[in-house]
Amino acid sequence: MNLVANAPSADGVWRQLRLLPGALDDGSPIDGEVALVVVQGLIRWIGPAADLPAAYRTFAQHDGGDSLVGPGLVDCHTHLVYGGQRANEFAMRLAGASYEEVAKGGGGIVSSVRATREADEDTLFALAAPRLQALLAEGVCAIEIKSGYGLALEHERKQLRVARRLGEAFGVTVRTTFLGAHALPPEYAGRSQDYIDLVCKEMLPALAAEGLVDAVDVFCERIGFSLAETEQVFQAAKALGLPVKLHAEQLSDLGGSELAARFGALSCDHIEHLSAEGIAAMKDSGTVAVLLPGAYYTLRDTNLPPIAALRAAGIPMAVSTDHNPGTSPALSLLLMANMACTLFRLTVPEALAGITRHAATALGLQGTHGALAVGRPANFVLWTVREAAELAYWFGNAPVHTVVRQGKVFPTI
């Protein structure tokens, strides 16, 4: 499977467009009809259609159908590659079991580990492909894919290799994150330090040497790994020149965000129990707060992330699906934008920035994704809506006219 080979070029002049507010890199507005020029897969000009330079007027023409044009969406936190599914745990939680009780009973992450280890690479690719296609059809042009369901070198490698293959096959920017410290594998029960040593001294160096790792993550939590263990992993990542991020303060406040900030983390994710000290540390380090309303909703959490405090501190807030089989089986980033507004009380501009420019920053892609600018790769979406608020207003509907990824025009269904 390779959709890139048959995808037509987006080169030419795109007309009959209206600019999504906040879409340009500098945030400036353009009133009236907008034109956008793509040359060799890069945006070469964007501005009022009436001001289109004469040199471009003979180029191939693309009719945008009076669509809103904005940057491609960015899904900055996913666990897209895994075997099996965990619908039974959904039923268990409905019957009253907590997230921790499910995990202690042999469910949770470890159950996905079993299924992922049993699946070969081709099977994992076949399972992940339709998940990715659902996100791409909605306008996603960059996505993070974590490992963390292998918890052994050969199986973590398998997940990361599939993530790379998905990017090549579908013409989408994929950032891979090594999450070997996601859970303690059964064979290391009671030997947490031994497993962290394996992660730091064998797994991470080997996978980094193979070019499979763009960033490193840890699940720092009571049912995950301690602050000290997290710091060991971060030190190993730093030694290899890899950026870090963290599953932080989801179920309790362990101070993970402060530790992550000391290492200049790209992002702290979940953060329902984030403290004032954590917020101050993230502000100083420029770390992005990644909100994951799908997990909040699925777990029926009641502890809201400290949105007002994050807003007051000027910390950029990204929004992501957190697609995973246990706590957020979500395949709609627009639905997550809606949930971020309705559950977390984000404004529409905040939610849209959260699935574009701030999500790109959370992946270190702020120079190429998340906004429109001359010289950037052509990653943009044409939306069949009259106003920006509709992108967070509708759910169960993907109002996509056209998706351009990496300078190619891709079908949306």
# chains A, B, ... in the order shown; residues from 1 in each chain; ligands from 1

$ closest_atom_pairs --of "range 180-263 of chain A" --to "range 358-367 of chain A" --cutoff "12 Å" --atoms "only C-alpha atoms" --output "JSON lines"
{"residue": "A:Asp214", "atom": "CA", "partner": "A:Leu363", "partner_atom": "CA", "distance": 9.1}
{"residue": "A:Ala215", "atom": "CA", "partner": "A:Leu363", "partner_atom": "CA", "distance": 8.5}
{"residue": "A:Val216", "atom": "CA", "partner": "A:Leu363", "partner_atom": "CA", "distance": 11.2}
{"residue": "A:Asp217", "atom": "CA", "partner": "A:Leu363", "partner_atom": "CA", "distance": 11.9}
{"residue": "A:Leu242", "atom": "CA", "partner": "A:Gly364", "partner_atom": "CA", "distance": 11.3}
{"residue": "A:Pro243", "atom": "CA", "partner": "A:Gly364", "partner_atom": "CA", "distance": 8.8}
{"residue": "A:Val244", "atom": "CA", "partner": "A:Leu363", "partner_atom": "CA", "distance": 9.9}
{"residue": "A:Lys245", "atom": "CA", "partner": "A:Ala362", "partner_atom": "CA", "distance": 8.6}
{"residue": "A:Leu246", "atom": "CA", "partner": "A:Ala362", "partner_atom": "CA", "distance": 11.1}

$ residues_around --residues "range 46-62 of chain A" --least-positions-apart "2" --cutoff "7 Å" --atoms "only C-alpha atoms" --output "PyMOL selection string"
chain A and resi 12-15+30+32-37+64

$ atom_distance --atom1 "CA of Ile109 in chain A" --atom2 "CA of Ala183 in chain A"
6.8 Å

$ closest_residue --among "A:Leu184, A:Met317, A:Leu204, A:Val162" --to "Val110 in chain A" --atoms "only C-alpha atoms"
A:Leu184

$ select_by_dssp --residues "range 190-260 of chain A" --states "strand (DSSP E)" --output "list in words"
Ala215, Val216, Asp217, Val218, Leu246, His247 and Ala248 of chain A

$ closest_residue --among "A:Arg345, A:Arg157, A:Arg114, A:His369" --to "Glu187 in chain A" --atoms "only C-alpha atoms"
A:Arg114

$ closest_residue --among "A:Tyr82, A:Gly190, A:His77, A:Arg161" --to "His270 in chain A" --atoms "only C-alpha atoms"
A:His77

$ residues_around --residues "Arg222 in chain A" --least-positions-apart "3" --cutoff "8 Å" --atoms "only C-alpha atoms" --output "ChimeraX atom specification"
/A:225-226,251-252

$ residues_around --residues "Val113 in chain A" --least-positions-apart "6" --cutoff "12 Å" --atoms "only C-alpha atoms" --output "ChimeraX atom specification"
/A:81-86,106-107,119,147-152,155-156,159,180,182-187,325-326

$ residues_around --residues "Asp197 in chain A" --least-positions-apart "5" --cutoff "12 Å" --atoms "only C-alpha atoms" --output "list in words"
Gly180, Ala181, Tyr188, Arg191, Ser192, Glu202, Met203, Leu204, Pro205, Glu229, Thr230, Glu231, Gln232, Val233, Gln235 and Ala236 of chain A

$ select_by_dssp --residues "range 226-356 of chain A" --states "helix (DSSP H, G or I)" --output "PyMOL selection string"
chain A and resi 227-239+256-262+276-285+293-298+307-313+333-342+348-354

$ residues_around --residues "Val213 in chain A" --least-positions-apart "3" --cutoff "7 Å" --atoms "only C-alpha atoms" --output "list in words"
Thr176, Thr177, Phe178, Leu207 and Ala208 of chain A
